>>> print(open('data34.cif').read())   # mmCIF, N, CA and C atoms
data_protein
loop_
_atom_site.group_PDB
_atom_site.id
_atom_site.type_symbol
_atom_site.label_atom_id
_atom_site.label_comp_id
_atom_site.auth_asym_id
_atom_site.auth_seq_id
_atom_site.Cartn_x
_atom_site.Cartn_y
_atom_site.Cartn_z
ATOM 1 N N MET A 1 -13.675 12.776 9.986
ATOM 2 C CA MET A 1 -12.679 13.804 10.031
ATOM 3 C C MET A 1 -11.514 13.498 9.086
ATOM 4 N N LEU A 2 -11.046 12.246 9.052
ATOM 5 C CA LEU A 2 -9.956 11.884 8.141
ATOM 6 C C LEU A 2 -10.377 12.050 6.688
ATOM 7 N N LYS A 3 -11.609 11.693 6.392
ATOM 8 C CA LYS A 3 -12.094 11.824 5.021
ATOM 9 C C LYS A 3 -12.099 13.282 4.582
ATOM 10 N N GLN A 4 -12.540 14.157 5.452
ATOM 11 C CA GLN A 4 -12.561 15.588 5.121
ATOM 12 C C GLN A 4 -11.152 16.111 4.875
ATOM 13 N N ARG A 5 -10.221 15.699 5.700
ATOM 14 C CA ARG A 5 -8.829 16.124 5.523
ATOM 15 C C ARG A 5 -8.249 15.561 4.223
ATOM 16 N N LEU A 6 -8.578 14.319 3.927
ATOM 17 C CA LEU A 6 -8.096 13.672 2.706
ATOM 18 C C LEU A 6 -8.596 14.401 1.457
ATOM 19 N N GLU A 7 -9.795 14.917 1.511
ATOM 20 C CA GLU A 7 -10.369 15.617 0.357
ATOM 21 C C GLU A 7 -9.614 16.891 0.007
ATOM 22 N N VAL A 8 -8.931 17.503 0.971
ATOM 23 C CA VAL A 8 -8.219 18.751 0.700
ATOM 24 C C VAL A 8 -6.698 18.594 0.675
ATOM 25 N N GLU A 9 -6.185 17.476 1.172
ATOM 26 C CA GLU A 9 -4.733 17.284 1.262
ATOM 27 C C GLU A 9 -4.158 16.892 -0.088
ATOM 28 N N ARG A 10 -3.145 17.610 -0.529
ATOM 29 C CA ARG A 10 -2.492 17.319 -1.813
ATOM 30 C C ARG A 10 -1.039 16.901 -1.659
ATOM 31 N N ALA A 11 -0.407 17.211 -0.525
ATOM 32 C CA ALA A 11 0.986 16.830 -0.298
ATOM 33 C C ALA A 11 1.079 15.309 -0.187
ATOM 34 N N PHE A 12 2.120 14.736 -0.775
ATOM 35 C CA PHE A 12 2.239 13.289 -0.902
ATOM 36 C C PHE A 12 2.232 12.561 0.446
ATOM 37 N N GLN A 13 3.146 12.910 1.330
ATOM 38 C CA GLN A 13 3.293 12.161 2.572
ATOM 39 C C GLN A 13 2.041 12.213 3.448
ATOM 40 N N PRO A 14 1.458 13.380 3.685
ATOM 41 C CA PRO A 14 0.233 13.388 4.485
ATOM 42 C C PRO A 14 -0.918 12.642 3.803
ATOM 43 N N ARG A 15 -0.996 12.744 2.477
ATOM 44 C CA ARG A 15 -2.048 12.038 1.749
ATOM 45 C C ARG A 15 -1.874 10.527 1.911
ATOM 46 N N ALA A 16 -0.643 10.036 1.744
ATOM 47 C CA ALA A 16 -0.382 8.605 1.922
ATOM 48 C C ALA A 16 -0.707 8.170 3.350
ATOM 49 N N ALA A 17 -0.331 8.990 4.326
ATOM 50 C CA ALA A 17 -0.609 8.656 5.724
ATOM 51 C C ALA A 17 -2.112 8.602 5.996
ATOM 52 N N LEU A 18 -2.852 9.535 5.445
ATOM 53 C CA LEU A 18 -4.304 9.543 5.628
ATOM 54 C C LEU A 18 -4.950 8.322 4.977
ATOM 55 N N LEU A 19 -4.513 7.992 3.766
ATOM 56 C CA LEU A 19 -5.055 6.808 3.088
ATOM 57 C C LEU A 19 -4.719 5.541 3.863
ATOM 58 N N GLY A 20 -3.479 5.460 4.346
ATOM 59 C CA GLY A 20 -3.079 4.302 5.137
ATOM 60 C C GLY A 20 -3.865 4.194 6.431
ATOM 61 N N ALA A 21 -4.050 5.318 7.103
ATOM 62 C CA ALA A 21 -4.805 5.316 8.369
ATOM 63 C C ALA A 21 -6.245 4.882 8.146
ATOM 64 N N ARG A 22 -6.864 5.421 7.126
ATOM 65 C CA ARG A 22 -8.251 5.041 6.839
ATOM 66 C C ARG A 22 -8.348 3.557 6.491
ATOM 67 N N SER A 23 -7.367 3.064 5.753
ATOM 68 C CA SER A 23 -7.345 1.640 5.414
ATOM 69 C C SER A 23 -7.217 0.793 6.679
ATOM 70 N N LEU A 24 -6.319 1.193 7.564
ATOM 71 C CA LEU A 24 -6.149 0.467 8.830
ATOM 72 C C LEU A 24 -7.406 0.486 9.690
ATOM 73 N N LEU A 25 -8.162 1.569 9.578
ATOM 74 C CA LEU A 25 -9.390 1.692 10.362
ATOM 75 C C LEU A 25 -10.575 0.977 9.720
ATOM 76 N N GLY A 26 -10.332 0.314 8.583
ATOM 77 C CA GLY A 26 -11.375 -0.506 7.987
ATOM 78 C C GLY A 26 -12.027 0.042 6.736
ATOM 79 N N SER A 27 -11.564 1.169 6.236
ATOM 80 C CA SER A 27 -12.151 1.708 5.004
ATOM 81 C C SER A 27 -11.823 0.795 3.828
ATOM 82 N N ASN A 28 -12.805 0.525 3.015
ATOM 83 C CA ASN A 28 -12.608 -0.297 1.821
ATOM 84 C C ASN A 28 -12.279 0.535 0.590
ATOM 85 N N ASP A 29 -12.243 1.846 0.740
ATOM 86 C CA ASP A 29 -12.086 2.729 -0.408
ATOM 87 C C ASP A 29 -10.714 3.368 -0.532
ATOM 88 N N ASP A 30 -9.790 3.072 0.352
ATOM 89 C CA ASP A 30 -8.547 3.831 0.382
ATOM 90 C C ASP A 30 -7.302 3.068 -0.035
ATOM 91 N N LEU A 31 -7.381 1.773 -0.153
ATOM 92 C CA LEU A 31 -6.208 1.007 -0.560
ATOM 93 C C LEU A 31 -5.865 1.266 -2.025
ATOM 94 N N ARG A 32 -6.868 1.299 -2.882
ATOM 95 C CA ARG A 32 -6.619 1.550 -4.310
ATOM 96 C C ARG A 32 -5.969 2.913 -4.536
ATOM 97 N N PRO A 33 -6.458 4.007 -3.926
ATOM 98 C CA PRO A 33 -5.769 5.293 -4.091
ATOM 99 C C PRO A 33 -4.345 5.282 -3.530
ATOM 100 N N LEU A 34 -4.117 4.508 -2.459
ATOM 101 C CA LEU A 34 -2.764 4.383 -1.918
ATOM 102 C C LEU A 34 -1.858 3.688 -2.935
ATOM 103 N N LEU A 35 -2.355 2.641 -3.557
ATOM 104 C CA LEU A 35 -1.587 1.949 -4.601
ATOM 105 C C LEU A 35 -1.349 2.857 -5.802
ATOM 106 N N ASP A 36 -2.326 3.688 -6.115
ATOM 107 C CA ASP A 36 -2.165 4.635 -7.229
ATOM 108 C C ASP A 36 -1.040 5.621 -6.962
ATOM 109 N N LEU A 37 -0.855 6.024 -5.701
ATOM 110 C CA LEU A 37 0.247 6.916 -5.367
ATOM 111 C C LEU A 37 1.597 6.281 -5.697
ATOM 112 N N LEU A 38 1.661 4.979 -5.574
ATOM 113 C CA LEU A 38 2.908 4.257 -5.821
ATOM 114 C C LEU A 38 3.327 4.296 -7.285
ATOM 115 N N SER A 39 2.373 4.418 -8.183
ATOM 116 C CA SER A 39 2.673 4.303 -9.617
ATOM 117 C C SER A 39 3.625 5.370 -10.138
ATOM 118 N N ASP A 40 3.585 6.578 -9.610
ATOM 119 C CA ASP A 40 4.470 7.653 -10.080
ATOM 120 C C ASP A 40 5.428 8.139 -8.994
ATOM 121 N N ALA A 41 5.565 7.380 -7.936
ATOM 122 C CA ALA A 41 6.346 7.825 -6.789
ATOM 123 C C ALA A 41 7.848 7.672 -7.022
ATOM 124 N N ASP A 42 8.616 8.601 -6.451
ATOM 125 C CA ASP A 42 10.067 8.457 -6.448
ATOM 126 C C ASP A 42 10.438 7.492 -5.311
ATOM 127 N N ILE A 43 11.723 7.309 -5.068
ATOM 128 C CA ILE A 43 12.155 6.326 -4.062
ATOM 129 C C ILE A 43 11.648 6.685 -2.668
ATOM 130 N N GLU A 44 11.794 7.926 -2.268
ATOM 131 C CA GLU A 44 11.344 8.330 -0.942
ATOM 132 C C GLU A 44 9.828 8.164 -0.802
ATOM 133 N N GLN A 45 9.086 8.607 -1.802
ATOM 134 C CA GLN A 45 7.639 8.482 -1.763
ATOM 135 C C GLN A 45 7.220 7.012 -1.781
ATOM 136 N N SER A 46 7.910 6.205 -2.575
ATOM 137 C CA SER A 46 7.605 4.771 -2.634
ATOM 138 C C SER A 46 7.803 4.123 -1.274
ATOM 139 N N THR A 47 8.847 4.520 -0.573
ATOM 140 C CA THR A 47 9.107 3.974 0.764
ATOM 141 C C THR A 47 7.965 4.320 1.715
ATOM 142 N N ILE A 48 7.469 5.526 1.618
ATOM 143 C CA ILE A 48 6.329 5.946 2.447
ATOM 144 C C ILE A 48 5.127 5.047 2.173
ATOM 145 N N VAL A 49 4.819 4.839 0.894
ATOM 146 C CA VAL A 49 3.672 4.004 0.529
ATOM 147 C C VAL A 49 3.897 2.556 0.955
ATOM 148 N N LEU A 50 5.105 2.030 0.733
ATOM 149 C CA LEU A 50 5.390 0.648 1.130
ATOM 150 C C LEU A 50 5.235 0.466 2.633
ATOM 151 N N ASN A 51 5.632 1.452 3.416
ATOM 152 C CA ASN A 51 5.431 1.367 4.871
ATOM 153 C C ASN A 51 3.946 1.346 5.221
ATOM 154 N N MET A 52 3.157 2.156 4.544
ATOM 155 C CA MET A 52 1.707 2.158 4.771
ATOM 156 C C MET A 52 1.107 0.802 4.364
ATOM 157 N N LEU A 53 1.568 0.266 3.248
ATOM 158 C CA LEU A 53 1.072 -1.037 2.791
ATOM 159 C C LEU A 53 1.458 -2.150 3.758
ATOM 160 N N TRP A 54 2.676 -2.081 4.272
ATOM 161 C CA TRP A 54 3.123 -3.079 5.261
ATOM 162 C C TRP A 54 2.149 -3.106 6.438
ATOM 163 N N ASP A 55 1.812 -1.933 6.947
ATOM 164 C CA ASP A 55 0.871 -1.843 8.063
ATOM 165 C C ASP A 55 -0.508 -2.366 7.667
ATOM 166 N N SER A 56 -0.967 -1.991 6.481
ATOM 167 C CA SER A 56 -2.301 -2.400 6.030
ATOM 168 C C SER A 56 -2.384 -3.904 5.797
ATOM 169 N N VAL A 57 -1.351 -4.460 5.196
ATOM 170 C CA VAL A 57 -1.347 -5.896 4.914
ATOM 171 C C VAL A 57 -1.292 -6.695 6.210
ATOM 172 N N GLY A 58 -0.592 -6.189 7.209
ATOM 173 C CA GLY A 58 -0.480 -6.890 8.484
ATOM 174 C C GLY A 58 -1.703 -6.767 9.371
ATOM 175 N N ALA A 59 -2.567 -5.827 9.076
ATOM 176 C CA ALA A 59 -3.752 -5.604 9.907
ATOM 177 C C ALA A 59 -4.883 -6.547 9.507
ATOM 178 N N PRO A 60 -5.715 -6.934 10.453
ATOM 179 C CA PRO A 60 -6.850 -7.795 10.110
ATOM 180 C C PRO A 60 -7.925 -7.010 9.354
ATOM 181 N N ALA A 61 -7.999 -7.242 8.061
ATOM 182 C CA ALA A 61 -9.009 -6.551 7.249
ATOM 183 C C ALA A 61 -9.438 -7.469 6.109
ATOM 184 N N ALA A 62 -10.720 -7.590 5.939
ATOM 185 C CA ALA A 62 -11.249 -8.450 4.878
ATOM 186 C C ALA A 62 -10.874 -7.945 3.492
ATOM 187 N N SER A 63 -10.667 -6.641 3.354
ATOM 188 C CA SER A 63 -10.382 -6.078 2.036
ATOM 189 C C SER A 63 -9.040 -6.518 1.488
ATOM 190 N N ILE A 64 -8.136 -7.007 2.331
ATOM 191 C CA ILE A 64 -6.833 -7.475 1.849
ATOM 192 C C ILE A 64 -7.024 -8.607 0.851
ATOM 193 N N VAL A 65 -7.931 -9.514 1.121
ATOM 194 C CA VAL A 65 -8.198 -10.604 0.188
ATOM 195 C C VAL A 65 -8.720 -10.047 -1.129
ATOM 196 N N ARG A 66 -9.641 -9.125 -1.041
ATOM 197 C CA ARG A 66 -10.210 -8.516 -2.241
ATOM 198 C C ARG A 66 -9.166 -7.745 -3.039
ATOM 199 N N ASP A 67 -8.262 -7.085 -2.354
ATOM 200 C CA ASP A 67 -7.286 -6.213 -3.006
ATOM 201 C C ASP A 67 -5.940 -6.870 -3.257
ATOM 202 N N ALA A 68 -5.793 -8.143 -2.940
ATOM 203 C CA ALA A 68 -4.490 -8.817 -3.036
ATOM 204 C C ALA A 68 -3.894 -8.740 -4.435
ATOM 205 N N ALA A 69 -4.686 -8.970 -5.450
ATOM 206 C CA ALA A 69 -4.165 -8.932 -6.822
ATOM 207 C C ALA A 69 -3.674 -7.534 -7.185
ATOM 208 N N GLY A 70 -4.402 -6.513 -6.790
ATOM 209 C CA GLY A 70 -3.984 -5.143 -7.060
ATOM 210 C C GLY A 70 -2.718 -4.770 -6.309
ATOM 211 N N ILE A 71 -2.613 -5.229 -5.061
ATOM 212 C CA ILE A 71 -1.409 -4.976 -4.269
ATOM 213 C C ILE A 71 -0.216 -5.645 -4.932
ATOM 214 N N HIS A 72 -0.382 -6.904 -5.294
ATOM 215 C CA HIS A 72 0.705 -7.658 -5.934
ATOM 216 C C HIS A 72 1.152 -6.968 -7.222
ATOM 217 N N LYS A 73 0.210 -6.557 -8.035
ATOM 218 C CA LYS A 73 0.537 -5.896 -9.302
ATOM 219 C C LYS A 73 1.290 -4.590 -9.072
ATOM 220 N N ALA A 74 0.810 -3.764 -8.156
ATOM 221 C CA ALA A 74 1.448 -2.476 -7.884
ATOM 222 C C ALA A 74 2.863 -2.659 -7.349
ATOM 223 N N LEU A 75 3.051 -3.630 -6.467
ATOM 224 C CA LEU A 75 4.381 -3.857 -5.909
ATOM 225 C C LEU A 75 5.334 -4.440 -6.943
ATOM 226 N N THR A 76 4.840 -5.297 -7.795
ATOM 227 C CA THR A 76 5.666 -5.852 -8.867
ATOM 228 C C THR A 76 6.103 -4.747 -9.818
ATOM 229 N N GLN A 77 5.215 -3.850 -10.156
ATOM 230 C CA GLN A 77 5.564 -2.729 -11.030
ATOM 231 C C GLN A 77 6.570 -1.798 -10.361
ATOM 232 N N ALA A 78 6.416 -1.564 -9.069
ATOM 233 C CA ALA A 78 7.364 -0.714 -8.350
ATOM 234 C C ALA A 78 8.754 -1.340 -8.355
ATOM 235 N N LYS A 79 8.816 -2.657 -8.177
ATOM 236 C CA LYS A 79 10.099 -3.356 -8.204
ATOM 237 C C LYS A 79 10.762 -3.238 -9.573
ATOM 238 N N GLU A 80 9.978 -3.321 -10.624
ATOM 239 C CA GLU A 80 10.514 -3.212 -11.983
ATOM 240 C C GLU A 80 11.018 -1.803 -12.265
ATOM 241 N N ARG A 81 10.380 -0.817 -11.692
ATOM 242 C CA ARG A 81 10.745 0.572 -11.897
ATOM 243 C C ARG A 81 12.033 0.943 -11.177
ATOM 244 N N ASN A 82 12.263 0.323 -10.026
ATOM 245 C CA ASN A 82 13.420 0.709 -9.238
ATOM 246 C C ASN A 82 13.897 -0.476 -8.390
ATOM 247 N N ASP A 83 15.107 -0.919 -8.654
ATOM 248 C CA ASP A 83 15.665 -2.065 -7.933
ATOM 249 C C ASP A 83 15.823 -1.813 -6.435
ATOM 250 N N LEU A 84 16.045 -0.565 -6.056
ATOM 251 C CA LEU A 84 16.224 -0.253 -4.639
ATOM 252 C C LEU A 84 14.976 -0.562 -3.816
ATOM 253 N N LEU A 85 13.841 -0.542 -4.463
ATOM 254 C CA LEU A 85 12.593 -0.814 -3.755
ATOM 255 C C LEU A 85 12.294 -2.307 -3.650
ATOM 256 N N GLY A 86 13.053 -3.103 -4.396
ATOM 257 C CA GLY A 86 12.761 -4.531 -4.501
ATOM 258 C C GLY A 86 12.650 -5.267 -3.189
ATOM 259 N N ARG A 87 13.640 -5.116 -2.309
ATOM 260 C CA ARG A 87 13.615 -5.858 -1.043
ATOM 261 C C ARG A 87 12.448 -5.422 -0.159
ATOM 262 N N HIS A 88 12.186 -4.130 -0.134
ATOM 263 C CA HIS A 88 11.074 -3.631 0.673
ATOM 264 C C HIS A 88 9.743 -4.157 0.129
ATOM 265 N N ALA A 89 9.583 -4.069 -1.192
ATOM 266 C CA ALA A 89 8.354 -4.581 -1.821
ATOM 267 C C ALA A 89 8.229 -6.084 -1.591
ATOM 268 N N ASP A 90 9.343 -6.810 -1.673
ATOM 269 C CA ASP A 90 9.305 -8.258 -1.437
ATOM 270 C C ASP A 90 8.837 -8.582 -0.027
ATOM 271 N N LYS A 91 9.264 -7.804 0.943
ATOM 272 C CA LYS A 91 8.827 -8.038 2.335
ATOM 273 C C LYS A 91 7.322 -7.849 2.473
ATOM 274 N N VAL A 92 6.801 -6.838 1.799
ATOM 275 C CA VAL A 92 5.349 -6.607 1.846
ATOM 276 C C VAL A 92 4.629 -7.764 1.152
ATOM 277 N N LEU A 93 5.168 -8.223 0.022
ATOM 278 C CA LEU A 93 4.558 -9.346 -0.700
ATOM 279 C C LEU A 93 4.591 -10.629 0.132
ATOM 280 N N ILE A 94 5.675 -10.859 0.847
ATOM 281 C CA ILE A 94 5.767 -12.041 1.714
ATOM 282 C C ILE A 94 4.725 -11.960 2.826
ATOM 283 N N GLU A 95 4.581 -10.787 3.420
ATOM 284 C CA GLU A 95 3.572 -10.607 4.472
ATOM 285 C C GLU A 95 2.160 -10.807 3.906
ATOM 286 N N LEU A 96 1.928 -10.306 2.707
ATOM 287 C CA LEU A 96 0.633 -10.498 2.054
ATOM 288 C C LEU A 96 0.373 -11.985 1.830
ATOM 289 N N ALA A 97 1.375 -12.698 1.338
ATOM 290 C CA ALA A 97 1.206 -14.132 1.106
ATOM 291 C C ALA A 97 0.905 -14.882 2.407
ATOM 292 N N LYS A 98 1.575 -14.502 3.491
ATOM 293 C CA LYS A 98 1.288 -15.119 4.784
ATOM 294 C C LYS A 98 -0.165 -14.911 5.176
ATOM 295 N N ARG A 99 -0.636 -13.676 4.993
ATOM 296 C CA ARG A 99 -2.023 -13.355 5.334
ATOM 297 C C ARG A 99 -3.002 -14.177 4.514
ATOM 298 N N LEU A 100 -2.613 -14.459 3.260
ATOM 299 C CA LEU A 100 -3.510 -15.199 2.377
ATOM 300 C C LEU A 100 -3.287 -16.706 2.439
ATOM 301 N N GLY A 101 -2.248 -17.132 3.168
ATOM 302 C CA GLY A 101 -1.930 -18.554 3.253
ATOM 303 C C GLY A 101 -1.412 -19.096 1.950
ATOM 304 N N ALA A 102 -0.636 -18.292 1.220
ATOM 305 C CA ALA A 102 -0.114 -18.691 -0.092
ATOM 306 C C ALA A 102 1.375 -18.430 -0.146
ATOM 307 N N SER A 103 1.989 -18.823 -1.255
ATOM 308 C CA SER A 103 3.400 -18.510 -1.461
ATOM 309 C C SER A 103 3.514 -17.094 -1.999
ATOM 310 N N PRO A 104 4.644 -16.400 -1.765
ATOM 311 C CA PRO A 104 4.771 -15.011 -2.188
ATOM 312 C C PRO A 104 4.877 -14.809 -3.688
ATOM 313 N N ASN A 105 5.052 -15.838 -4.461
ATOM 314 C CA ASN A 105 5.167 -15.688 -5.913
ATOM 315 C C ASN A 105 3.798 -15.721 -6.478
#
>>> encode(input="data34.cif", output="structure tokens")
Amino acid sequence: MLKQRLEVERAFQPRAALLGARSLLGSNDDLRPLLDLLSDADIEQSTIVLNMLWDSVGAPAASIVRDAAGIHKALTQAKERNDLLGRHADKVLIELAKRLGASPN
């Protein structure tokens, strides 16, 4: 049902929520599109995506290890684009590092 809704949803916030929900439920195909939303997002939209990523990174999912480099890259680019997002992105990166047993840098 979520996949069907995702196929027709074009509004940013519901699309991000659907991608985040599917990722939390174990989908291996939705983290990359969620990160792609971040690339052109304004501050409000970026916050929505960062909140979804926070939830996804904190959830037990094997795909986090696979997607860690992509997550790190997307968050680093978001920080460079807008300083206001820096602290939020850093918190997600710290949580990701904890999950991976590594340092956040």
>>> atom_distance(input="data34.cif", atom1="CA of Gln13 in chain A", atom2="atom C of Met1 in chain A")
16.2 Å
>>> resolve_selection(input="data34.cif", expression="the PyMOL selection byres (((chain A and resi 59 and name CA) around 12) and name CA)", output="compact mmCIF listing (two decimals) with N, CA and C atoms, keeping the file's coordinate frame")
# COMPACT_ATOMS: atom_id res chain seq x y z
N GLY A 20 -3.48 5.46 4.35
CA GLY A 20 -3.08 4.30 5.14
C GLY A 20 -3.86 4.19 6.43
N ALA A 21 -4.05 5.32 7.10
CA ALA A 21 -4.80 5.32 8.37
C ALA A 21 -6.24 4.88 8.15
N ARG A 22 -6.86 5.42 7.13
CA ARG A 22 -8.25 5.04 6.84
C ARG A 22 -8.35 3.56 6.49
N SER A 23 -7.37 3.06 5.75
CA SER A 23 -7.34 1.64 5.41
C SER A 23 -7.22 0.79 6.68
N LEU A 24 -6.32 1.19 7.56
CA LEU A 24 -6.15 0.47 8.83
C LEU A 24 -7.41 0.49 9.69
N LEU A 25 -8.16 1.57 9.58
CA LEU A 25 -9.39 1.69 10.36
C LEU A 25 -10.58 0.98 9.72
N GLY A 26 -10.33 0.31 8.58
CA GLY A 26 -11.38 -0.51 7.99
C GLY A 26 -12.03 0.04 6.74
N MET A 52 3.16 2.16 4.54
CA MET A 52 1.71 2.16 4.77
C MET A 52 1.11 0.80 4.36
N LEU A 53 1.57 0.27 3.25
CA LEU A 53 1.07 -1.04 2.79
C LEU A 53 1.46 -2.15 3.76
N TRP A 54 2.68 -2.08 4.27
CA TRP A 54 3.12 -3.08 5.26
C TRP A 54 2.15 -3.11 6.44
N ASP A 55 1.81 -1.93 6.95
CA ASP A 55 0.87 -1.84 8.06
C ASP A 55 -0.51 -2.37 7.67
N SER A 56 -0.97 -1.99 6.48
CA SER A 56 -2.30 -2.40 6.03
C SER A 56 -2.38 -3.90 5.80
N VAL A 57 -1.35 -4.46 5.20
CA VAL A 57 -1.35 -5.90 4.91
C VAL A 57 -1.29 -6.70 6.21
N GLY A 58 -0.59 -6.19 7.21
CA GLY A 58 -0.48 -6.89 8.48
C GLY A 58 -1.70 -6.77 9.37
N PRO A 60 -5.72 -6.93 10.45
CA PRO A 60 -6.85 -7.80 10.11
C PRO A 60 -7.92 -7.01 9.35
N ALA A 61 -8.00 -7.24 8.06
CA ALA A 61 -9.01 -6.55 7.25
C ALA A 61 -9.44 -7.47 6.11
N ALA A 62 -10.72 -7.59 5.94
CA ALA A 62 -11.25 -8.45 4.88
C ALA A 62 -10.87 -7.94 3.49
N SER A 63 -10.67 -6.64 3.35
CA SER A 63 -10.38 -6.08 2.04
C SER A 63 -9.04 -6.52 1.49
N ILE A 64 -8.14 -7.01 2.33
CA ILE A 64 -6.83 -7.48 1.85
C ILE A 64 -7.02 -8.61 0.85
N VAL A 65 -7.93 -9.51 1.12
CA VAL A 65 -8.20 -10.60 0.19
C VAL A 65 -8.72 -10.05 -1.13
N GLU A 95 4.58 -10.79 3.42
CA GLU A 95 3.57 -10.61 4.47
C GLU A 95 2.16 -10.81 3.91
N LEU A 96 1.93 -10.31 2.71
CA LEU A 96 0.63 -10.50 2.05
C LEU A 96 0.37 -11.98 1.83
N LYS A 98 1.58 -14.50 3.49
CA LYS A 98 1.29 -15.12 4.78
C LYS A 98 -0.16 -14.91 5.18
N ARG A 99 -0.64 -13.68 4.99
CA ARG A 99 -2.02 -13.36 5.33
C ARG A 99 -3.00 -14.18 4.51
>>> select_by_dssp(input="data34.cif", residues="chain A", states="alpha helix (DSSP H)", output="ChimeraX atom specification")
/A:2-8,12-24,31-39,43-58,63-81,86-100
>>> atom_distance(input="data34.cif", atom1="CA of Gly70 in chain A", atom2="atom N of Arg32 in chain A")
8.2 Å
>>> atom_distance(input="data34.cif", atom1="CA of Pro14 in chain A", atom2="CA of Asn28 in chain A")
19.0 Å
>>> resolve_selection(input="data34.cif", expression="the PyMOL selection byres ((chain A and resi 2) around 8)", output="PyMOL selection string")
chain A and resi 1+3-7+18-19+21-22
>>> resolve_selection(input="data34.cif", expression="the PyMOL selection byres (((chain A and resi 79 and name CA) around 12) and name CA)", output="list in words")
Leu38, Ser39, Ala41, Asp42, Ile43, Ser46, Thr47, Leu50, His72, Lys73, Ala74, Leu75, Thr76, Gln77, Ala78, Glu80, Arg81, Asn82, Asp83, Leu84, Leu85, Gly86, Arg87, His88, Ala89, Asp90, Lys91, Val92 and Leu93 of chain A
>>> residues_around(input="data34.cif", residues="Pro33 in chain A", least_positions_apart="2", cutoff="8 Å", atoms="only N, CA and C atoms", output="VMD selection string")
chain A and resid 15 to 16 19 to 20 29 to 31 35 to 38
>>> decode(input="data34.cif", residues="range 54-76 of chain A", atoms="C-alpha atoms", output="mmCIF file, in the first residue's frame")
data_model
loop_
_atom_site.group_PDB
_atom_site.id
_atom_site.type_symbol
_atom_site.label_atom_id
_atom_site.label_comp_id
_atom_site.auth_asym_id
_atom_site.auth_seq_id
_atom_site.Cartn_x
_atom_site.Cartn_y
_atom_site.Cartn_z
ATOM 1 C CA TRP A 54 17.434 10.321 12.125
ATOM 2 C CA ASP A 55 14.681 7.732 12.530
ATOM 3 C CA SER A 56 16.122 5.482 9.815
ATOM 4 C CA VAL A 57 19.670 5.623 11.143
ATOM 5 C CA GLY A 58 18.474 4.811 14.664
ATOM 6 C CA ALA A 59 16.415 1.827 13.550
ATOM 7 C CA PRO A 60 17.904 -1.661 13.313
ATOM 8 C CA ALA A 61 18.412 -2.160 9.585
ATOM 9 C CA ALA A 62 21.195 -3.889 7.712
ATOM 10 C CA SER A 63 20.950 -1.374 4.871
ATOM 11 C CA ILE A 64 22.403 1.381 7.079
ATOM 12 C CA VAL A 65 25.831 -0.214 6.739
ATOM 13 C CA ARG A 66 25.411 -0.471 2.988
ATOM 14 C CA ASP A 67 24.145 3.097 2.676
ATOM 15 C CA ALA A 68 26.449 4.755 5.235
ATOM 16 C CA ALA A 69 28.742 6.347 2.654
ATOM 17 C CA GLY A 70 25.801 7.778 0.719
ATOM 18 C CA ILE A 71 24.207 9.110 3.901
ATOM 19 C CA HIS A 72 27.476 10.722 4.973
ATOM 20 C CA LYS A 73 27.970 12.319 1.556
ATOM 21 C CA ALA A 74 24.418 13.691 1.363
ATOM 22 C CA LEU A 75 24.577 15.143 4.867
ATOM 23 C CA THR A 76 27.983 16.698 4.263
#
